[in-house]
Amino acid sequence: MLVERMRPFTSTIFAEMSALALRTGAINLGQGFPDTDGPPSLLADAAANITGGINQYPPGPGVPALRAAVAEHQSRFHCLSVDPEDVLVTTGATEAIAAAVLALCDPGDEVVTFQPYYDSYAATAALAGAVLRAVPLRATTPGGEFGFDPDELRAAFSARTRVVLVNTPHNPTGTVLSAEQLTLIGTLAAASGAVVVSDEVYEHMVFDGRAHVPMATLPGMAERTLTISSAGKTFSVTGWKVGWVHGPRELVAAVRAAKQFLTYVSGAPFQPAIASALALPDAFFSGIATGLQGKRDLLSDGLRAAGLTVHPSAGTYFVVTDVAPLGVTDGADLCWRLPELIGVAAVPVSVFCTDPELGRTLVRFAFCKRDEVLAEAVTRLAGLPAALGAAA
């Protein structure tokens, strides 16, 4: 009975691999969620809000304190001038993305993005009846960083381009797009009259001294950019599902028109707690990247020692590997076998691609776990070459 355009999206790879990890007792390095809780003050505030009776519908656009806190955060970290009235609180960043695409795209309109992509992008385009134009991100050298070909990006635009969906820092590749790359994206969007929907949920997770560049900070882009982020990744509360979007008032109003018929509102006790957490000291926010960078290095070293090619991760929770050096030709098949082979779960990059050949031998691992969990995963990964040989 499911409509044809949604038939490819009956399940997500995250649900499938997490269920497999649970069933086999494997270490779950597939789904990107931390195995520790957020800052104690945030948790205490949320608990106090629940027992204090903040449990009914919040205002439709979001709790005023959170909208003001998001605006202050954007000024503090990115020198962006945002009116709290132009902030819309959503049920996670995923809903903000969906509401934006549903609000802005008619059937047959086109959405330009990059592949591999977070899996909701393709599903959201399908919900809207839009056509996804996915530009490949390829490793610039064997084992190198991922980037796009400017000519391929230009060729993706047409008279039907309505939205450009950008994600930086980028899931799954760990790429952090430069100001030069984002400027080209913005220039092409402006020339086509498209709106840029900028998914920046990993904004505080950038490594090796690099900097996150918000699309809206580039010349001429604030008036055509919807900026999306969330509390889930920043504060290690992915289950709370509280996100936000801000941008030009008329664009945010369009998103709100769609969003109000998706969930209407959510997260009443969590919203004011997150508002307070956004005012935590700078050391908290810089510590996010510092801690994750060490975890990235721990897991990456173990993956290399196991014989995999490890692509650099400049941000996010994730590192992408190429399993071809182990004689593996299908990363998806390997991911289904990994929990039984060595007790570790990961996800294949091919499922994030319109063209699955693009990521055929690529596998994504999440490093947002406790160090002792990562160390045990590294120990198990060391046995992968032998396990593959025995299974051959």
# chains A, B, ... in the order shown; residues from 1 in each chain; ligands from 1
>>> select_by_dssp(residues="stretch 5-210 of chain A", states="alpha helix (DSSP H)", output="MDAnalysis selection string")
chainID A and resid 13:24 40:51 64:78 92:104 120:128 150:156 179:192
>>> residues_around(residues="A:Gln271", least_positions_apart="2", cutoff="9 Å", atoms="only C-alpha atoms", output="list in words")
Ala46, Pro58, Gly62, Val63, Ala65, Leu66, Val89, Val242, Ser266, Gly267, Ala268, Pro269, Ala273, Ile274, Ala275 and Ser276 of chain A
>>> closest_residue(among="A:Ala277, A:Leu384, A:Ala122, A:Leu80", to="A:Pro219", atoms="only C-alpha atoms")
A:Leu80
>>> atom_distance(atom1="atom CA of A:Val135", atom2="atom CA of A:Glu152")
6.5 Å
>>> residues_around(residues="A:Leu251", least_positions_apart="6", cutoff="12 Å", atoms="only C-alpha atoms", output="list in words")
Asp86, Val87, Leu88, Ala99, Ala100, Val101, Ala103, Leu104, Val163, Ala194, Val195, Val196, Val197, Ala222, Glu223, Arg224, Thr225, Leu226, Thr227, Val245, Ala257 and Ala258 of chain A
